[in-house]
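Listing of structure_36.cif; format and content: mmCIF, C-alpha atoms and all ligand atoms.
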```cif
data_structure
#
loop_
_atom_site.label_atom_id
_atom_site.label_comp_id
_atom_site.auth_asym_id
_atom_site.auth_seq_id
_atom_site.Cartn_x
_atom_site.Cartn_y
_atom_site.Cartn_z
CA MET A 1 -18.97 2.61 7.19
CA ALA A 2 -20.48 -0.55 6.09
CA GLY A 3 -22.84 -3.29 7.02
CA SER A 4 -23.48 -3.51 10.70
CA GLY A 5 -19.92 -3.14 11.98
CA LYS A 6 -17.75 -0.31 13.17
CA PHE A 7 -16.37 2.29 10.82
CA PHE A 8 -13.00 1.37 9.35
CA VAL A 9 -10.18 3.72 8.41
CA GLY A 10 -6.89 2.50 6.98
CA GLY A 11 -3.66 4.17 5.97
CA ASN A 12 -1.60 2.42 3.30
CA TRP A 13 1.90 3.85 3.52
CA LYS A 14 3.01 1.98 0.40
CA CYS A 15 6.78 1.99 -0.27
CA ASN A 16 7.29 5.29 1.55
CA GLY A 17 9.02 6.47 4.67
CA THR A 18 12.26 6.41 6.61
CA LYS A 19 12.90 5.67 10.28
CA GLU A 20 12.75 9.40 10.90
CA SER A 21 9.54 10.19 9.01
CA ILE A 22 7.81 7.09 10.34
CA SER A 23 8.71 7.96 13.97
CA LYS A 24 7.12 11.34 13.44
CA LEU A 25 4.00 9.80 11.93
CA VAL A 26 3.71 7.33 14.80
CA SER A 27 4.01 10.11 17.34
CA ASP A 28 1.27 12.10 15.56
CA LEU A 29 -0.96 9.03 15.52
CA ASN A 30 -0.28 8.34 19.19
CA SER A 31 -1.52 11.80 20.11
CA ALA A 32 -4.55 11.73 17.79
CA LYS A 33 -8.05 11.61 19.22
CA LEU A 34 -9.75 8.60 17.68
CA GLU A 35 -13.47 7.96 17.87
CA PRO A 36 -14.31 4.70 19.67
CA ASP A 37 -16.56 3.38 16.91
CA VAL A 38 -13.77 3.38 14.33
CA ASP A 39 -11.28 0.61 13.66
CA VAL A 40 -8.02 2.27 12.65
CA VAL A 41 -5.35 0.31 10.80
CA VAL A 42 -2.03 1.41 9.31
CA ALA A 43 0.02 -0.50 6.76
CA PRO A 44 3.71 0.43 6.96
CA PRO A 45 6.32 -1.08 4.62
CA PHE A 46 7.41 -4.52 5.90
CA VAL A 47 10.81 -3.37 7.13
CA TYR A 48 9.22 -0.87 9.50
CA ILE A 49 6.35 -3.01 10.82
CA ASP A 50 8.20 -4.15 13.91
CA MET A 51 9.37 -0.63 14.71
CA VAL A 52 5.82 0.72 14.30
CA LYS A 53 4.35 -2.14 16.31
CA ASN A 54 6.72 -1.36 19.18
CA SER A 55 5.98 2.35 19.28
CA LEU A 56 2.37 2.78 18.11
CA THR A 57 -0.60 2.81 20.45
CA ASP A 58 -2.43 -0.55 20.73
CA ARG A 59 -5.54 1.37 19.71
CA ILE A 60 -4.31 1.18 16.11
CA ASP A 61 -3.77 -2.15 14.39
CA ILE A 62 -1.02 -2.90 11.92
CA SER A 63 -1.51 -4.32 8.45
CA ALA A 64 0.98 -5.73 5.98
CA GLN A 65 0.76 -4.62 2.36
CA ASN A 66 1.08 -8.14 0.97
CA SER A 67 1.67 -11.73 2.03
CA TRP A 68 2.76 -14.99 0.46
CA ILE A 69 0.14 -17.38 -0.91
CA GLY A 70 1.01 -20.29 1.37
CA LYS A 71 3.29 -21.43 4.13
CA GLY A 72 6.66 -19.68 4.14
CA GLY A 73 9.78 -21.37 2.84
CA ALA A 74 12.05 -20.99 -0.18
CA PHE A 75 10.31 -17.94 -1.67
CA THR A 76 12.95 -15.25 -1.97
CA GLY A 77 11.68 -11.78 -1.24
CA GLU A 78 8.32 -12.88 0.11
CA ILE A 79 6.87 -12.46 3.61
CA SER A 80 4.75 -15.27 5.03
CA VAL A 81 1.51 -15.02 6.93
CA GLU A 82 3.20 -17.01 9.71
CA GLN A 83 5.76 -14.22 9.99
CA LEU A 84 3.01 -11.61 10.12
CA ASN A 85 1.43 -13.50 12.98
CA ASP A 86 4.79 -13.79 14.69
CA ILE A 87 5.23 -10.01 14.80
CA GLY A 88 1.64 -9.27 15.79
CA CYS A 89 0.45 -7.99 12.44
CA LYS A 90 -3.29 -8.61 12.37
CA TRP A 91 -4.23 -7.49 8.89
CA VAL A 92 -2.99 -7.74 5.33
CA ILE A 93 -3.93 -5.70 2.26
CA LEU A 94 -4.43 -8.01 -0.73
CA GLY A 95 -5.29 -7.21 -4.32
CA HIS A 96 -4.13 -3.63 -4.16
CA SER A 97 -4.17 -2.13 -7.67
CA GLU A 98 -0.42 -1.57 -7.56
CA ARG A 99 0.08 -5.30 -6.93
CA ARG A 100 -2.41 -6.15 -9.67
CA HIS A 101 -1.26 -3.71 -12.33
CA VAL A 102 2.38 -2.94 -11.55
CA ILE A 103 3.49 -6.32 -10.20
CA GLY A 104 1.04 -8.38 -12.28
CA GLU A 105 -0.86 -10.41 -9.66
CA ASP A 106 -4.03 -11.97 -11.05
CA ASP A 107 -7.45 -12.45 -9.49
CA GLN A 108 -7.01 -16.13 -8.63
CA PHE A 109 -3.58 -15.66 -7.08
CA ILE A 110 -4.96 -12.86 -4.93
CA GLY A 111 -8.01 -14.91 -3.93
CA LYS A 112 -5.78 -17.78 -2.82
CA LYS A 113 -3.60 -15.41 -0.81
CA ALA A 114 -6.70 -14.12 0.95
CA ALA A 115 -7.83 -17.65 1.77
CA TYR A 116 -4.42 -18.53 3.18
CA ALA A 117 -4.16 -15.37 5.30
CA LEU A 118 -7.64 -15.99 6.75
CA SER A 119 -6.81 -19.63 7.45
CA GLN A 120 -3.93 -18.41 9.65
CA GLY A 121 -6.04 -15.82 11.47
CA VAL A 122 -4.83 -12.71 9.63
CA LYS A 123 -7.66 -10.42 8.54
CA VAL A 124 -7.85 -9.24 4.95
CA ILE A 125 -8.43 -5.85 3.35
CA ALA A 126 -9.55 -7.10 -0.06
CA CYS A 127 -9.04 -4.45 -2.72
CA ILE A 128 -11.00 -4.20 -5.94
CA GLY A 129 -11.27 -1.49 -8.55
CA GLU A 130 -11.33 -0.70 -12.24
CA LEU A 131 -8.81 1.02 -14.53
CA LEU A 132 -9.75 4.28 -16.25
CA GLN A 133 -10.20 2.57 -19.62
CA GLU A 134 -12.44 -0.03 -18.01
CA ARG A 135 -14.61 2.70 -16.47
CA GLU A 136 -14.76 4.55 -19.78
CA ALA A 137 -15.76 1.33 -21.54
CA GLY A 138 -18.64 0.91 -19.07
CA LYS A 139 -17.00 -2.15 -17.47
CA THR A 140 -16.67 -0.89 -13.89
CA PHE A 141 -19.17 -3.32 -12.40
CA ASP A 142 -17.96 -6.28 -14.51
CA VAL A 143 -14.38 -5.76 -13.35
CA CYS A 144 -15.30 -5.29 -9.70
CA PHE A 145 -17.62 -8.30 -9.74
CA GLN A 146 -14.95 -10.47 -11.36
CA GLN A 147 -12.47 -9.46 -8.66
CA MET A 148 -15.11 -10.08 -5.99
CA LYS A 149 -15.81 -13.53 -7.47
CA ALA A 150 -12.14 -14.51 -7.22
CA PHE A 151 -12.21 -13.63 -3.51
CA ALA A 152 -15.57 -15.34 -3.01
CA ASP A 153 -14.43 -18.51 -4.78
CA ALA A 154 -11.43 -18.76 -2.46
CA VAL A 155 -12.44 -17.57 1.00
CA PRO A 156 -14.49 -19.84 3.26
CA SER A 157 -15.83 -16.93 5.31
CA TRP A 158 -16.16 -13.15 5.01
CA ASP A 159 -16.11 -12.57 8.77
CA ASP A 160 -12.60 -11.11 8.75
CA VAL A 161 -12.68 -9.40 5.38
CA VAL A 162 -13.09 -5.69 4.67
CA VAL A 163 -13.66 -4.88 0.99
CA ALA A 164 -11.88 -1.76 -0.26
CA TYR A 165 -13.16 -0.25 -3.49
CA GLU A 166 -10.19 1.65 -4.89
CA PRO A 167 -10.76 2.86 -8.45
CA VAL A 168 -7.34 2.75 -10.05
CA TRP A 169 -7.87 6.04 -11.86
CA ALA A 170 -8.29 7.86 -8.54
CA ILE A 171 -5.08 6.51 -7.00
CA GLY A 172 -2.03 8.72 -7.17
CA THR A 173 -3.28 10.39 -10.36
CA GLY A 174 -4.76 13.62 -9.07
CA LYS A 175 -8.14 12.55 -10.47
CA VAL A 176 -10.90 12.44 -7.88
CA ALA A 177 -13.91 10.19 -7.60
CA THR A 178 -17.15 11.73 -6.40
CA PRO A 179 -19.04 10.31 -3.41
CA LEU A 180 -21.74 9.26 -5.88
CA GLN A 181 -19.26 7.27 -7.97
CA ALA A 182 -17.96 5.53 -4.86
CA GLN A 183 -21.45 4.98 -3.52
CA GLU A 184 -22.82 3.38 -6.68
CA VAL A 185 -20.03 0.81 -6.74
CA HIS A 186 -20.45 0.13 -3.03
CA VAL A 187 -24.16 -0.49 -3.53
CA ALA A 188 -23.48 -2.75 -6.52
CA VAL A 189 -20.83 -4.74 -4.62
CA ARG A 190 -23.13 -5.19 -1.65
CA ASP A 191 -25.86 -6.36 -4.00
CA TRP A 192 -23.37 -8.74 -5.65
CA LEU A 193 -22.54 -10.20 -2.22
CA LYS A 194 -26.25 -10.61 -1.49
CA LYS A 195 -26.89 -12.53 -4.71
CA ASN A 196 -23.65 -14.50 -4.85
CA VAL A 197 -22.65 -15.12 -1.23
CA SER A 198 -25.52 -14.47 1.18
CA PRO A 199 -27.78 -11.67 2.43
CA GLU A 200 -26.10 -11.97 5.82
CA VAL A 201 -22.59 -11.48 4.42
CA ALA A 202 -23.89 -8.62 2.26
CA SER A 203 -25.32 -6.79 5.23
CA LYS A 204 -22.40 -7.23 7.60
CA THR A 205 -19.32 -6.91 5.36
CA ARG A 206 -17.65 -3.54 5.59
CA ILE A 207 -16.98 -1.87 2.27
CA ILE A 208 -14.63 1.09 2.32
CA TYR A 209 -13.30 3.51 -0.27
CA GLY A 210 -9.65 4.07 -1.14
CA GLY A 211 -8.15 6.80 -3.27
CA ILE A 212 -8.90 10.47 -3.65
CA LEU A 213 -12.50 11.47 -3.08
CA PHE A 214 -14.07 14.80 -3.93
CA LEU A 215 -15.70 16.00 -0.73
CA THR A 216 -18.07 18.89 -0.43
CA LYS A 217 -19.93 18.80 2.88
CA THR A 218 -21.04 15.47 4.24
CA LEU A 219 -20.33 11.98 3.08
CA SER A 220 -22.05 8.77 3.94
CA ILE A 221 -20.69 5.72 2.25
CA CYS A 222 -22.26 2.40 3.07
O1 LIG B 1 -3.85 3.28 -2.85
C1 LIG B 1 -4.47 3.90 -1.98
C2 LIG B 1 -5.00 3.20 -0.82
O2 LIG B 1 -4.63 1.86 -0.79
C3 LIG B 1 -4.65 5.36 -2.06
O3 LIG B 1 -3.61 5.89 -2.81
P1 LIG B 1 -3.31 7.47 -2.93
O4 LIG B 1 -3.31 7.97 -1.53
O5 LIG B 1 -1.99 7.52 -3.62
O6 LIG B 1 -4.44 8.02 -3.76
#
```
Would you mind giving the structure from this file in structure tokens?
Ligand SMILES: O=C(CO)COP(=O)(O)O
Amino acid sequence: MAGSGKFFVGGNWKCNGTKESISKLVSDLNSAKLEPDVDVVVAPPFVYIDMVKNSLTDRIDISAQNSWIGKGGAFTGEISVEQLNDIGCKWVILGHSERRHVIGEDDQFIGKKAAYALSQGVKVIACIGELLQEREAGKTFDVCFQQMKAFADAVPSWDDVVVAYEPVWAIGTGKVATPLQAQEVHVAVRDWLKKNVSPEVASKTRIIYGGILFLTKTLSIC
């Protein structure tokens, strides 16, 4: 949960799935009981977005996993925000660690993508998070703040942004973050927003966690 809004749960399907496995997943999601105070969003691979959109309950929104930095055109292999709008895709994940560290996208490029998506009415799941060596070097906050700054420098408004703290070392590695580790970054990021954007944005922006989390009994992340 975060700020004053509804809870937010997202599923990033990454570069996984086939027509068969995705149909099964959609049918499971369609029969799931979802609490009314939770926004639920799934991010299928681009090629399956239309199929998912046409078969998934309207209760669940669709997100893309990336979008181009500006208006579409001669950009081989890219997907434009205009195209996302055209197929009814309301969200886009930007700054995911796999785009940053595998594909090599930098902070400013990601910030500009976020600004463009928002300018076209597509909401942004803005991912931040440190590498293991950055955490071990005591640079977790510096890295997250620098990534936050690149978003803040580019976006005119945070109204349609959800921040996702996804420590890279807890993604697909088998290593788990504790609720305390997630919570302390969430608190620091909210404080950063308060000092560098505004108290209002700090209190209303939803900050979520992504990656594996070690859960014992109850968890309250704000
Ligand atoms: O990257 C993630 C969410 O965007 C989470 O990844 P894993 O589920 O592989 O840990």
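Across the structure, atom CA of Asn196 of chain A and atom CA of Trp169 of chain A are spaced 26.8 Å apart.
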Nearby residues, ligand LIG 1 (chain B), 6 Å, all atoms listed in the file, as a PDB file with C-alpha atoms, in the frame of the given file:
```pdb
ATOM      1  CA  ASN A  12      -1.600   2.420   3.300  1.00  0.00           C
ATOM      2  CA  ILE A 171      -5.080   6.510  -7.000  1.00  0.00           C
ATOM      3  CA  GLY A 172      -2.030   8.720  -7.170  1.00  0.00           C
ATOM      4  CA  GLY A 210      -9.650   4.070  -1.140  1.00  0.00           C
ATOM      5  CA  GLY A 211      -8.150   6.800  -3.270  1.00  0.00           C
ATOM      6  CA  ILE A 212      -8.900  10.470  -3.650  1.00  0.00           C
TER       7      ILE A 212
END
```
Got a sec to check which residues sit within 10 Å of (-14.8, -12.9, -1.2), counting all atoms listed in the file, and write them as a PDB file with C-alpha atoms, keeping the file's coordinate frame?
```pdb
ATOM      1  CA  GLY A 111      -8.010 -14.910  -3.930  1.00  0.00           C
ATOM      2  CA  ALA A 114      -6.700 -14.120   0.950  1.00  0.00           C
ATOM      3  CA  ALA A 115      -7.830 -17.650   1.770  1.00  0.00           C
ATOM      4  CA  VAL A 124      -7.850  -9.240   4.950  1.00  0.00           C
ATOM      5  CA  ALA A 126      -9.550  -7.100  -0.060  1.00  0.00           C
ATOM      6  CA  GLN A 147     -12.470  -9.460  -8.660  1.00  0.00           C
ATOM      7  CA  MET A 148     -15.110 -10.080  -5.990  1.00  0.00           C
ATOM      8  CA  LYS A 149     -15.810 -13.530  -7.470  1.00  0.00           C
ATOM      9  CA  ALA A 150     -12.140 -14.510  -7.220  1.00  0.00           C
ATOM     10  CA  PHE A 151     -12.210 -13.630  -3.510  1.00  0.00           C
ATOM     11  CA  ALA A 152     -15.570 -15.340  -3.010  1.00  0.00           C
ATOM     12  CA  ASP A 153     -14.430 -18.510  -4.780  1.00  0.00           C
ATOM     13  CA  ALA A 154     -11.430 -18.760  -2.460  1.00  0.00           C
ATOM     14  CA  VAL A 155     -12.440 -17.570   1.000  1.00  0.00           C
ATOM     15  CA  PRO A 156     -14.490 -19.840   3.260  1.00  0.00           C
ATOM     16  CA  SER A 157     -15.830 -16.930   5.310  1.00  0.00           C
ATOM     17  CA  TRP A 158     -16.160 -13.150   5.010  1.00  0.00           C
ATOM     18  CA  VAL A 161     -12.680  -9.400   5.380  1.00  0.00           C
ATOM     19  CA  VAL A 162     -13.090  -5.690   4.670  1.00  0.00           C
ATOM     20  CA  VAL A 163     -13.660  -4.880   0.990  1.00  0.00           C
ATOM     21  CA  LEU A 193     -22.540 -10.200  -2.220  1.00  0.00           C
ATOM     22  CA  ASN A 196     -23.650 -14.500  -4.850  1.00  0.00           C
ATOM     23  CA  VAL A 197     -22.650 -15.120  -1.230  1.00  0.00           C
ATOM     24  CA  VAL A 201     -22.590 -11.480   4.420  1.00  0.00           C
ATOM     25  CA  THR A 205     -19.320  -6.910   5.360  1.00  0.00           C
TER      26      THR A 205
END
```
| field | Using all atoms listed in the file: which of A:Ser97, A:Thr173, A:Gln120, A:Gln183 has the shortest distance to Gly70 of chain A | value | A:Gln120
| message | If we count only C-alpha atoms and set the cut-off at 12 Å, which residues sit around His101 of chain A, ignoring sequence neighbours fewer than 4 positions away in its own chain? Please answer as a PyMOL selection string. | response | chain A and resi 95-97+105-107+128-131+168-169
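Atom CA of Val40 of chain A to atom CA of Gly11 of chain A spans 8.2 Å [interatomic distance, one decimal].
Ranking A:Lys175, A:Lys71, A:Lys19, A:Arg190 by their shortest atom-to-atom distance to Lys113 of chain A, with all atoms listed in the file included, puts A:Lys71 first.
Between atom CA of Ile60 of chain A and atom CA of Cys15 of chain A the separation is 19.8 Å.
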| field | Among the residues A:Cys127, A:Val9, A:Ile208, A:Ala32, the one that comes closest to Arg99 of chain A [using only C-alpha atoms] | value | A:Cys127
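Within 8 Å of Trp13 of chain A, once only C-alpha atoms are used and residues closer than 6 positions along the same chain are dropped, the contacting residues are Val42, Ala43, Pro44 and Pro45 of chain A.
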For those residues, write C-alpha atoms to a file as a tab-separated table (two decimals), in the frame of the given file.
```tsv
chain	number	residue	atom	x	y	z
A	42	VAL	CA	-2.03	1.41	9.31
A	43	ALA	CA	0.02	-0.50	6.76
A	44	PRO	CA	3.71	0.43	6.96
A	45	PRO	CA	6.32	-1.08	4.62
```
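The shell of residues at most 12 Å from Asp58 of chain A, with only C-alpha atoms counted and near chain neighbours (fewer than 3 positions) removed, consists of Val26, Leu29, Asn30, Asp39, Val40, Val41, Val42, Val52, Lys53, Asn54, Ser55, Asp61, Ile62, Gly88, Cys89 and Lys90 of chain A.
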| If we count only C-alpha atoms, what is near Pro36 of chain A at a cut-off of 10 Å, once residues fewer than 2 positions away on the same chain are taken out, given as an MDAnalysis selection string? | chainID A and resid 6:7 33:34 38:40 59
Step by step, gather every atom of segment 133-147 of chain A that the file lists, find the box along x, y and z that holds them, add 4 Å on each side, and finally give centre and edge lengths in Å to one decimal, as lines of an AutoDock Vina configuration file.
```
center_x = -14.7
center_y = -3.0
center_z = -15.1
size_x = 17.0
size_y = 23.0
size_z = 20.9
```
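Minimum distance to Leu25 of chain A across A:Val47, A:Val102, A:Leu56, A:Cys144 (counting all atoms listed in the file) occurs at A:Leu56.
Among the candidates A:Thr76, A:Leu94, A:Ile110, A:Phe145, the one nearest to Val122 of chain A when counting all atoms listed in the file is A:Leu94.
When all atoms listed in the file are used to compute distances to Ser27 of chain A, the closest of the residues A:Gln133, A:Glu98, A:Thr57, A:Ala182 turns out to be A:Thr57.
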